[in-house]
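> After the structure tokens below, expect a handful of questions from me.
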There are 2 protein chains.
Amino acid sequence: MSEKRGNIPRIQDVAKMANVSTATVSRVLSFPDRVSEATREVVLQAIEKTGYTINHSARNLRKGGTGAILVLLPNLANSFFSRVLKGIEAVASGYGFNILIADSQFPPIDEATFGNLFNTNRIDGAIILDGNIPRSYFKRATRQKPQLVFACEWISDCAVTTFHIDNLAGAVMATDHLVGLGHRKIGHVTGPTNNILSQHRLAGFEQSLKKHNLPCPRDWKITGDFTIESGVKAARHWLALPKDNRPTALFCASDEMAFGLISELHQNAVKVPDDLSIIGFDDVEFAAHSIPALTTIHQPRRRIGEAAARALIHKIRDAEAPMPPQPVFELELVLRASTAPLPLC
Amino acid sequence: MSEKRGNIPRIQDVAKMANVSTATVSRVLSFPDRVSEATREVVLQAIEKTGYTINHSARNLRKGGTGAILVLLPNLANSFFSRVLKGIEAVASGYGFNILIADSQFPPIDEATFGNLFNTNRIDGAIILDGNIPRSYFKRATRQKPQLVFACEWISDCAVTTFHIDNLAGAVMATDHLVGLGHRKIGHVTGPTNNILSQHRLAGFEQSLKKHNLPCPRDWKITGDFTIESGVKAARHWLALPKDNRPTALFCASDEMAFGLISELHQNAVKVPDDLSIIGFDDVEFAAHSIPALTTIHQPRRRIGEAAARALIHKIRDAEAPMPPQPVFELELVLRASTAPLPLC
DNA sequence: TTGTACGCGTTATCAT
DNA sequence: ATGATAACGCGTACAA
């Protein structure tokens with residue numbers, strides 16, 4: 001009860017109560033092994049009694065770190081990312097790191113804001129889930145750069161560790177599925193053109209079609225941007241196509257777009273999957289409960305977040321140490337009700 | 001270019017370059033007014049040239065704060081909360097605060113973890129979005145308690161500022177809507193029994209029925225827990241009710257439950273709204289694009305988050321200052337396709 | 001194994 | 001208006 005200073009207990013108070021030096025208390029906290037059983041016991045009790053907890057500002061100042069990591073994601077309101085974030089949060093908080101969150105797309109982040117965030121004086125490292133941050137942002141940032149890891153998305157030709165699924169393979173799986181159902185006219189609703197995921201998924205789509213000797217006119221590749229709204233627009237695009245020559249199946253680069261698409265088609269009395277088969281990508285929560293339930297490609301969002309966080313913390317602790325091998329994230333085709341065999345007639 | 005120490009520029013480097021003392025540099029940063037126009041100019045240039053950025057650990061240590069706020073939410077993977085979080089993030093980062101995120105329900109937070117988080121040595125304040133944190137957790141926490149604000153949910157009889165909509169009024173709006181459509185047999189799918197929101201929404205539901213002299217048998221109040229899965233279960237409950245005496249309309253305490261409900265009904269060939277009208281609560285993203293589009297009560301999630309964050313920061317800056325008046329969050333009945341007039345036959 | 005003493009980078013206080 | 005300097009609380013050489 002005899003602490004100084006507004007009664008918030010400091011390491012000194014513990015030291016006094018335990019009749020040891022502050023150094024010993026510190027050691028008990030950081031390297032319990034370097035302290036004798038007996039004194040450790042006493043110190044631990046004193047900590048308990050005083051209610052002492054470490055002052056992170058002081059520790060970080062002393063150690064030259066911040067104890068914080070930045071998570072930069074395109075859109076916090078998107079449930080896909082919040083799942084990844086959950087994985088990150090779980091491991092980061094386990095290691096005692098704070099999380100700094102920032103949106104990069106809504107609204108778009110400018111260079112000044114980015115520089116302000118991506119700064120050794122604020123964070124020890126960053127997990128970036130947006131592959132469209134301009135390269136120049138990184139170059140101009142402070143000379144001393146925090147550790148960096150990409151997740152889900154990434155910047156090509158950039159020697160930075162990244163954690164993501166094999167998007168091309170996933171797109172092949174999805175397209176193969178449609179082909180397997182007998183569809184011959186297959187279209188694709190893409191993500192934003194400049195997005196790396198869009199590009200890989202488009203490539204997978206094209207690779208599958210080529211493998212099966214199937215054509216894909218320009219008109220059947222509809223540009224979207226991953227959002228529900230762009231799915232709605234894609235539906236209008238499809239509706240405007242000539243009835244005798246339009247896709248009987250569509251591969252959407254995101255579940256969200258598939259939802260928008262199906263919803264708008266429904267407004268126009270087009271039945272999924274009877275009139276048109278639709279497959280999505282991601283397997284968000286809602287895919288299992290939409291009407292019709294959405295066939296899609298599942299990716300382990302949470303595990304990706306966890307892996308990225310673990311790797312980043314590893315880097316922060318020892319920048320030189322070799323990275324542990326990157327896990328392979330398994331993909332899974334989840335069969336539900338939005339795809340069906342091509343009617344024979 | 002002549003900084004010491006691993007070339008990360010410190011306030012001293014700026015001071016030297018500008019030929020002033022460190023104190024002056026500090027003042028330029030914190031109280032520009034207390035410095036002459038001329039020197040301010042020089043210092044600003046020096047800051048620019050050196051690429052100096054503030055060291056938050058040092059500042060926080062000196063100031064006796066942490067620069068971080070905790071956001072404790074029931075489930076990060078729930079899109080309702082991620083929207084609120086977005087509002088919080090926007091204002092917190094604007095004021096230079098870091099955000100510490102933690103899940104309180106998945107998995108349930110234990111007292112030790114909570115105490116570890118809710119600690120003046122780690123955070124300056126907390127925004128709690130979970131009304132089911134046991135009171136004892138707060139009592140036992142460190143004597144020095146961080147500032148606290150509730151949002152969305154809250155603990156009753158607790159003299160803590162909270163930001164939330166009028167849930168009872170919202171429930172009345174929803175139920176009145178069903179009554180207005182001619183429904184006389186109206187049921188309710190509740191949230192978890194111990195949840196404050198569930199209780200208020202249930203109260204609103206009952207109040208509206210009473211006002212209209214409508215009965216509500218026990219069987220028509222179905223206990224859920226806000227999740228999609230509990231909506232599915234509610235559907236099975238409804239299906240098991242006698243066909244000649246079951247609700248023709250259902251008010252769901254969350255959109256998620258409404259989705260699960262509709263999805264499961266669809267599996268069983270029950271048509272919404274033809275066979276059963278359904279209204280939700282929250283107006284999450286997806287409500288506008290589900291099939292059928294969901295009639296629901298809209299609440300301004302992002303604004304709630306912003307208001308809570310602003311209030312908390314206000315408290316942190318000056319604990320004694322009177323709180324600004326709490327904004328009134330407007331509710332809105334959003335009419336879509338999941339509710340319809342009771343058929344006359 | 002333990003204690004002493006200094007420094008981490010900043011800001012508040014007190015001078016000037 | 002500006003400068004010198006003493007804290008802030010902790011970790012870690014180094015000495016004992």
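All residue names refer to the structure tokens as shown: chains lettered A, B, ... in order, residues numbered from 1 in each chain, ligands numbered from 1 in order.
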Find the spatial neighbours of Gly51 of chain A, counting only C-alpha atoms (C1' of nucleotides), within a cut-off of 7 Å - ignore same-chain residues fewer than 3 positions away - and output them as a list in words.
Pro9, Ile47 and Glu48 of chain A; Thr142 of chain B
> Show me, as a VMD selection string, the residues that have an atom within 6 Å of segment 188-194 of chain B when counting only C-alpha atoms (C1' of nucleotides), minus same-chain residues fewer than 2 positions from it.
chain B and resid 198 221 to 226 250 to 253
> Save out the residues we just selected, C-alpha atoms, as a JSON list (two decimals), in the first residue's frame.

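As written to disk, part_37.json reads:
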```
[["chain", "number", "residue", "atom", "x", "y", "z"],
["B", 198, "SER", "CA", -32.44, -9.13, -26.57],
["B", 221, "LYS", "CA", -41.27, -16.54, -28.75],
["B", 222, "ILE", "CA", -38.32, -18.49, -30.02],
["B", 223, "THR", "CA", -35.01, -18.13, -28.25],
["B", 224, "GLY", "CA", -32.02, -17.56, -30.50],
["B", 225, "ASP", "CA", -28.54, -16.11, -30.06],
["B", 226, "PHE", "CA", -28.18, -13.65, -32.97],
["B", 250, "LEU", "CA", -41.87, -13.18, -37.36],
["B", 251, "PHE", "CA", -39.74, -10.39, -35.96],
["B", 252, "CYS", "CA", -36.10, -11.49, -35.71],
["B", 253, "ALA", "CA", -33.83, -9.70, -33.25]]
```
> Could you list, with a cut-off of 7 Å and counting only C-alpha atoms (C1' of nucleotides), the residues of chain C near chain A, each shown with its nearest atom pair and the distance in Å rounded to one decimal, rows sorted by chain and ascending number, as a Markdown table?

```
| residue | atom | partner | partner_atom | distance |
| --- | --- | --- | --- | --- |
| C:DT1 | C1' | A:Val35 | CA | 6.6 |
| C:DT2 | C1' | A:Thr24 | CA | 7.0 |
| C:DG3 | C1' | A:Ser21 | CA | 6.2 |
| C:DC8 | C1' | A:Arg62 | CA | 4.7 |
```
> Based on the selection just made, write N, CA and C atoms (P, O5', C5', C4', C3', O3' and C1' of nucleotides) of those residues as a PDB file, in the first residue's frame.

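Contents of the output file result-v1.pdb:
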```pdb
ATOM      1  P    DT C   1      22.598 -18.835 -11.134  1.00  0.00           P
ATOM      2  O5'  DT C   1      21.802 -17.915 -10.103  1.00  0.00           O
ATOM      3  C5'  DT C   1      21.675 -18.294  -8.760  1.00  0.00           C
ATOM      4  C4'  DT C   1      22.002 -17.083  -7.950  1.00  0.00           C
ATOM      5  C3'  DT C   1      20.966 -15.956  -8.096  1.00  0.00           C
ATOM      6  O3'  DT C   1      20.475 -15.647  -6.798  1.00  0.00           O
ATOM      7  C1'  DT C   1      23.180 -15.112  -8.363  1.00  0.00           C
ATOM      8  P    DT C   2      19.350 -14.652  -6.548  1.00  0.00           P
ATOM      9  O5'  DT C   2      20.035 -13.238  -6.587  1.00  0.00           O
ATOM     10  C5'  DT C   2      20.689 -12.749  -5.422  1.00  0.00           C
ATOM     11  C4'  DT C   2      21.410 -11.462  -5.751  1.00  0.00           C
ATOM     12  C3'  DT C   2      20.509 -10.265  -6.045  1.00  0.00           C
ATOM     13  O3'  DT C   2      20.518  -9.446  -4.888  1.00  0.00           O
ATOM     14  C1'  DT C   2      22.465 -10.315  -7.411  1.00  0.00           C
ATOM     15  P    DG C   3      19.627  -8.134  -4.883  1.00  0.00           P
ATOM     16  O5'  DG C   3      20.701  -7.012  -5.235  1.00  0.00           O
ATOM     17  C5'  DG C   3      21.846  -6.897  -4.422  1.00  0.00           C
ATOM     18  C4'  DG C   3      22.737  -5.782  -4.931  1.00  0.00           C
ATOM     19  C3'  DG C   3      22.031  -4.450  -5.157  1.00  0.00           C
ATOM     20  O3'  DG C   3      22.894  -3.415  -4.696  1.00  0.00           O
ATOM     21  C1'  DG C   3      23.068  -5.136  -7.168  1.00  0.00           C
ATOM     22  P    DC C   8      21.224   7.005 -24.799  1.00  0.00           P
ATOM     23  O5'  DC C   8      19.807   6.491 -25.290  1.00  0.00           O
ATOM     24  C5'  DC C   8      19.561   5.138 -25.623  1.00  0.00           C
ATOM     25  C4'  DC C   8      18.088   4.866 -25.482  1.00  0.00           C
ATOM     26  C3'  DC C   8      17.229   6.049 -25.912  1.00  0.00           C
ATOM     27  O3'  DC C   8      16.884   5.884 -27.286  1.00  0.00           O
ATOM     28  C1'  DC C   8      16.435   5.028 -23.872  1.00  0.00           C
TER      29       DC C   8
END
```
> Compute the chain B side of the contact with chain A at 7 Å, counting only C-alpha atoms, and hand it back as a ChimeraX atom specification.
/B:8,51,53-58,60-61,66,76-77,79,82-83,86,89,98-101,121-122,142,144,259-260,263,289-291
> Once you have the residues from the selection above, write them out as a CSV table (one decimal), in the first residue's frame, restricted to C-alpha atoms.

```csv
chain,number,residue,atom,x,y,z
B,8,ILE,CA,17.1,6.9,-36.7
B,51,GLY,CA,12.9,12.9,-41.6
B,53,THR,CA,9.2,11.4,-36.5
B,54,ILE,CA,8.1,11.3,-32.9
B,55,ASN,CA,9.0,8.4,-30.7
B,56,HIS,CA,5.7,7.4,-29.2
B,57,SER,CA,7.1,5.2,-26.5
B,58,ALA,CA,9.1,8.0,-25.2
B,60,ASN,CA,3.9,8.1,-23.7
B,61,LEU,CA,6.4,7.3,-21.0
B,66,THR,CA,-0.1,4.5,-23.5
B,76,LEU,CA,-14.7,-9.9,-34.7
B,77,ALA,CA,-15.9,-12.1,-37.5
B,79,SER,CA,-19.9,-8.0,-39.9
B,82,SER,CA,-16.7,-4.7,-38.0
B,83,ARG,CA,-18.7,-1.7,-39.1
B,86,LYS,CA,-14.5,1.0,-38.6
B,89,GLU,CA,-10.8,3.2,-36.0
B,98,ASN,CA,-3.5,2.8,-31.4
B,99,ILE,CA,-6.2,0.2,-31.2
B,100,LEU,CA,-6.0,-3.0,-29.3
B,101,ILE,CA,-8.6,-5.5,-30.4
B,121,ASN,CA,-0.3,0.2,-18.1
B,122,ARG,CA,-1.5,-1.1,-21.4
B,142,THR,CA,-6.2,-3.1,-11.4
B,144,GLN,CA,-6.1,2.2,-11.5
B,259,PHE,CA,-31.1,-15.1,-43.0
B,260,GLY,CA,-30.7,-18.5,-41.4
B,263,SER,CA,-32.7,-20.2,-45.8
B,289,HIS,CA,-29.2,-8.3,-51.6
B,290,SER,CA,-30.6,-11.5,-50.0
B,291,ILE,CA,-33.4,-13.3,-51.6
```
> State the Cα RMSD (Å, one decimal) obtained when chain B is least-squares superposed onto chain A, all Cα atoms paired in order.
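Least-squares fit of chain B onto chain A, C-alpha RMSD 0.1 Å.
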> Can you tell me, as a VMD selection string, which residues in segment 99-327 of chain A count as strand (DSSP E or B) by DSSP?
chain A and resid 99 to 103 105 108 125 to 128 147 to 151 162 to 163 186 to 190 221 to 223 249 to 252 277 to 279 282 295 to 298
> With N, CA and C atoms kept, could you save the residues just selected as an mmCIF file, in the first residue's frame?

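Heads up, here's the output in result.cif:
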```cif
data_model
loop_
_atom_site.group_PDB
_atom_site.id
_atom_site.type_symbol
_atom_site.label_atom_id
_atom_site.label_comp_id
_atom_site.auth_asym_id
_atom_site.auth_seq_id
_atom_site.Cartn_x
_atom_site.Cartn_y
_atom_site.Cartn_z
ATOM 1 N N ILE A 99 -2.366 -3.998 -31.873
ATOM 2 C CA ILE A 99 -2.653 -3.938 -33.290
ATOM 3 C C ILE A 99 -3.122 -2.556 -33.680
ATOM 4 N N LEU A 100 -2.539 -2.076 -34.726
ATOM 5 C CA LEU A 100 -2.952 -0.801 -35.275
ATOM 6 C C LEU A 100 -3.672 -1.124 -36.566
ATOM 7 N N ILE A 101 -4.892 -0.673 -36.693
ATOM 8 C CA ILE A 101 -5.665 -1.029 -37.867
ATOM 9 C C ILE A 101 -5.871 0.163 -38.771
ATOM 10 N N ALA A 102 -5.793 -0.066 -40.039
ATOM 11 C CA ALA A 102 -6.105 1.021 -40.961
ATOM 12 C C ALA A 102 -6.715 0.481 -42.239
ATOM 13 N N ASP A 103 -7.649 1.233 -42.751
ATOM 14 C CA ASP A 103 -8.258 0.955 -44.049
ATOM 15 C C ASP A 103 -7.381 1.552 -45.135
ATOM 16 N N GLN A 105 -8.543 1.456 -48.531
ATOM 17 C CA GLN A 105 -9.321 1.747 -49.741
ATOM 18 C C GLN A 105 -10.555 2.615 -49.507
ATOM 19 N N PRO A 108 -9.434 5.769 -49.915
ATOM 20 C CA PRO A 108 -8.071 5.404 -50.343
ATOM 21 C C PRO A 108 -7.034 6.103 -49.492
ATOM 22 N N GLY A 125 6.245 -3.674 -37.019
ATOM 23 C CA GLY A 125 6.067 -4.386 -38.281
ATOM 24 C C GLY A 125 4.662 -4.199 -38.804
ATOM 25 N N ALA A 126 4.456 -4.637 -40.037
ATOM 26 C CA ALA A 126 3.148 -4.456 -40.646
ATOM 27 C C ALA A 126 2.733 -5.683 -41.441
ATOM 28 N N ILE A 127 1.443 -5.955 -41.382
ATOM 29 C CA ILE A 127 0.862 -6.978 -42.246
ATOM 30 C C ILE A 127 -0.030 -6.252 -43.226
ATOM 31 N N ILE A 128 0.277 -6.380 -44.484
ATOM 32 C CA ILE A 128 -0.480 -5.637 -45.480
ATOM 33 C C ILE A 128 -1.320 -6.588 -46.311
ATOM 34 N N GLN A 147 9.398 -4.121 -40.094
ATOM 35 C CA GLN A 147 9.297 -5.415 -40.757
ATOM 36 C C GLN A 147 7.981 -5.491 -41.518
ATOM 37 N N LEU A 148 7.983 -6.303 -42.553
ATOM 38 C CA LEU A 148 6.821 -6.311 -43.440
ATOM 39 C C LEU A 148 6.470 -7.714 -43.908
ATOM 40 N N VAL A 149 5.198 -7.963 -43.984
ATOM 41 C CA VAL A 149 4.695 -9.240 -44.475
ATOM 42 C C VAL A 149 3.388 -8.972 -45.224
ATOM 43 N N PHE A 150 3.199 -9.657 -46.331
ATOM 44 C CA PHE A 150 1.926 -9.531 -47.038
ATOM 45 C C PHE A 150 1.039 -10.715 -46.727
ATOM 46 N N ALA A 151 -0.249 -10.507 -46.816
ATOM 47 C CA ALA A 151 -1.172 -11.622 -46.644
ATOM 48 C C ALA A 151 -2.339 -11.433 -47.599
ATOM 49 N N THR A 162 5.022 -13.464 -48.316
ATOM 50 C CA THR A 162 3.575 -13.290 -48.433
ATOM 51 C C THR A 162 2.867 -14.596 -48.113
ATOM 52 N N PHE A 163 1.673 -14.469 -47.590
ATOM 53 C CA PHE A 163 0.875 -15.633 -47.237
ATOM 54 C C PHE A 163 -0.443 -15.575 -47.991
ATOM 55 N N ILE A 186 -18.993 -20.613 -70.751
ATOM 56 C CA ILE A 186 -18.683 -20.214 -69.380
ATOM 57 C C ILE A 186 -18.092 -18.813 -69.355
ATOM 58 N N GLY A 187 -18.638 -17.994 -68.488
ATOM 59 C CA GLY A 187 -18.134 -16.630 -68.368
ATOM 60 C C GLY A 187 -17.465 -16.402 -67.024
ATOM 61 N N HIS A 188 -16.905 -15.207 -66.852
ATOM 62 C CA HIS A 188 -16.156 -14.911 -65.631
ATOM 63 C C HIS A 188 -16.406 -13.473 -65.212
ATOM 64 N N VAL A 189 -16.739 -13.297 -63.951
ATOM 65 C CA VAL A 189 -16.826 -11.941 -63.419
ATOM 66 C C VAL A 189 -15.553 -11.703 -62.629
ATOM 67 N N THR A 190 -14.753 -10.772 -63.074
ATOM 68 C CA THR A 190 -13.416 -10.576 -62.496
ATOM 69 C C THR A 190 -13.441 -9.605 -61.332
ATOM 70 N N LYS A 221 -16.267 -12.029 -70.338
ATOM 71 C CA LYS A 221 -15.439 -11.663 -69.184
ATOM 72 C C LYS A 221 -15.910 -10.304 -68.708
ATOM 73 N N ILE A 222 -16.554 -10.313 -67.583
ATOM 74 C CA ILE A 222 -17.175 -9.093 -67.079
ATOM 75 C C ILE A 222 -16.322 -8.525 -65.953
ATOM 76 N N THR A 223 -15.965 -7.271 -66.088
ATOM 77 C CA THR A 223 -15.093 -6.684 -65.069
ATOM 78 C C THR A 223 -15.884 -6.222 -63.853
ATOM 79 N N ALA A 249 -23.021 -20.570 -67.536
ATOM 80 C CA ALA A 249 -22.411 -20.661 -66.207
ATOM 81 C C ALA A 249 -21.422 -19.514 -66.041
ATOM 82 N N LEU A 250 -21.316 -19.043 -64.790
ATOM 83 C CA LEU A 250 -20.454 -17.896 -64.511
ATOM 84 C C LEU A 250 -19.588 -18.194 -63.291
ATOM 85 N N PHE A 251 -18.309 -17.912 -63.423
ATOM 86 C CA PHE A 251 -17.407 -18.033 -62.278
ATOM 87 C C PHE A 251 -17.141 -16.628 -61.755
ATOM 88 N N CYS A 252 -17.537 -16.357 -60.526
ATOM 89 C CA CYS A 252 -17.323 -15.039 -59.935
ATOM 90 C C CYS A 252 -16.072 -15.046 -59.071
ATOM 91 N N SER A 277 -25.765 -21.252 -63.992
ATOM 92 C CA SER A 277 -25.016 -21.751 -62.844
ATOM 93 C C SER A 277 -24.019 -20.695 -62.389
ATOM 94 N N ILE A 278 -23.860 -20.576 -61.077
ATOM 95 C CA ILE A 278 -22.924 -19.569 -60.568
ATOM 96 C C ILE A 278 -22.052 -20.158 -59.471
ATOM 97 N N ILE A 279 -20.755 -19.925 -59.603
ATOM 98 C CA ILE A 279 -19.831 -20.341 -58.547
ATOM 99 C C ILE A 279 -19.064 -19.128 -58.064
ATOM 100 N N ASP A 282 -14.196 -17.777 -52.134
ATOM 101 C CA ASP A 282 -13.870 -17.334 -50.761
ATOM 102 C C ASP A 282 -14.589 -18.173 -49.700
ATOM 103 N N THR A 295 -22.302 -22.362 -54.278
ATOM 104 C CA THR A 295 -21.143 -23.213 -54.541
ATOM 105 C C THR A 295 -19.932 -22.287 -54.656
ATOM 106 N N THR A 296 -18.834 -22.668 -54.032
ATOM 107 C CA THR A 296 -17.709 -21.734 -54.002
ATOM 108 C C THR A 296 -16.401 -22.440 -53.653
ATOM 109 N N ILE A 297 -15.324 -21.675 -53.662
ATOM 110 C CA ILE A 297 -14.019 -22.204 -53.287
ATOM 111 C C ILE A 297 -13.689 -21.691 -51.887
ATOM 112 N N HIS A 298 -13.456 -22.610 -51.003
ATOM 113 C CA HIS A 298 -13.184 -22.218 -49.621
ATOM 114 C C HIS A 298 -11.709 -21.910 -49.419
#
```
> Any idea which chain D residues end up within 12 Å of chain B if we count only C-alpha atoms (C1' of nucleotides), as number ranges by chain please?
D: 1-10
> Could you please take those selected residues and save N, CA and C atoms (P, O5', C5', C4', C3', O3' and C1' of nucleotides) as a CSV table (one decimal), in the first residue's frame?

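Final file, selection_13.csv:
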```csv
chain,number,residue,atom,x,y,z
D,1,DA,P,6.1,34.5,-27.0
D,1,DA,O5',7.5,34.1,-27.5
D,1,DA,C5',8.2,34.8,-28.6
D,1,DA,C4',9.6,34.4,-28.5
D,1,DA,C3',9.9,33.0,-28.9
D,1,DA,O3',11.1,32.9,-29.6
D,1,DA,C1',10.5,33.3,-26.6
D,2,DT,P,11.7,31.6,-30.2
D,2,DT,O5',12.6,31.0,-29.1
D,2,DT,C5',13.9,31.5,-28.8
D,2,DT,C4',14.4,30.9,-27.6
D,2,DT,C3',14.8,29.4,-27.7
D,2,DT,O3',16.2,29.4,-27.9
D,2,DT,C1',14.0,30.1,-25.5
D,3,DG,P,16.9,28.0,-28.1
D,3,DG,O5',17.4,27.7,-26.6
D,3,DG,C5',18.2,28.7,-25.9
D,3,DG,C4',18.6,28.2,-24.6
D,3,DG,C3',19.2,26.8,-24.5
D,3,DG,O3',20.3,26.7,-23.7
D,3,DG,C1',17.3,27.0,-23.0
D,4,DA,P,21.2,25.5,-23.6
D,4,DA,O5',20.9,25.0,-22.2
D,4,DA,C5',21.3,25.7,-21.0
D,4,DA,C4',20.9,25.1,-19.7
D,4,DA,C3',21.4,23.6,-19.6
D,4,DA,O3',21.8,23.5,-18.2
D,4,DA,C1',19.0,23.7,-19.4
D,5,DT,P,22.5,22.1,-17.7
D,5,DT,O5',21.2,21.4,-17.2
D,5,DT,C5',20.3,22.1,-16.3
D,5,DT,C4',19.2,21.1,-15.8
D,5,DT,C3',19.7,19.6,-15.7
D,5,DT,O3',19.0,19.1,-14.6
D,5,DT,C1',17.8,19.8,-17.0
D,6,DA,P,19.7,17.9,-13.8
D,6,DA,O5',18.4,17.4,-12.9
D,6,DA,C5',17.5,18.4,-12.4
D,6,DA,C4',16.1,17.9,-12.5
D,6,DA,C3',16.0,16.4,-12.1
D,6,DA,O3',14.7,16.3,-11.5
D,6,DA,C1',15.3,16.6,-14.3
D,7,DA,P,14.4,15.1,-10.5
D,7,DA,O5',14.6,13.8,-11.4
D,7,DA,C5',13.6,12.8,-11.3
D,7,DA,C4',12.4,13.1,-12.1
D,7,DA,C3',11.6,11.9,-12.5
D,7,DA,O3',10.3,11.9,-12.0
D,7,DA,C1',12.2,13.2,-14.4
D,8,DC,P,9.7,10.6,-11.5
D,8,DC,O5',9.0,9.9,-12.8
D,8,DC,C5',8.0,10.5,-13.6
D,8,DC,C4',7.9,9.8,-14.8
D,8,DC,C3',8.1,8.3,-14.7
D,8,DC,O3',6.9,7.6,-14.5
D,8,DC,C1',9.1,9.2,-16.7
D,9,DG,P,6.8,6.6,-13.2
D,9,DG,O5',7.4,5.3,-13.8
D,9,DG,C5',6.7,4.7,-14.9
D,9,DG,C4',7.6,3.6,-15.4
D,9,DG,C3',8.1,2.6,-14.4
D,9,DG,O3',7.8,1.3,-14.9
D,9,DG,C1',9.9,3.4,-15.6
D,10,DC,P,8.2,-0.1,-14.3
D,10,DC,O5',9.4,-0.4,-15.3
D,10,DC,C5',9.0,-0.7,-16.7
D,10,DC,C4',10.3,-0.8,-17.5
D,10,DC,C3',11.1,-2.0,-17.2
D,10,DC,O3',11.0,-2.9,-18.3
D,10,DC,C1',12.5,-0.1,-17.3
```
> When DSSP works through the backbone of this structure, what residues of segment 18-68 of chain A end up as helix (DSSP H, G or I), shown as a PyMOL selection string?
chain A and resi 18+22-30+32-34+37-50+56-63
> Using atom CA of Val91 of chain A and atom CA of Thr50 of chain A as the two end points, give the distance in Å to one decimal.
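Distance reported for this atom pair: 29.1 Å.
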> Between atom CA of Arg317 of chain B and atom CA of Ala159 of chain B, what distance in Å does the model show, to one decimal?
19.4 Å
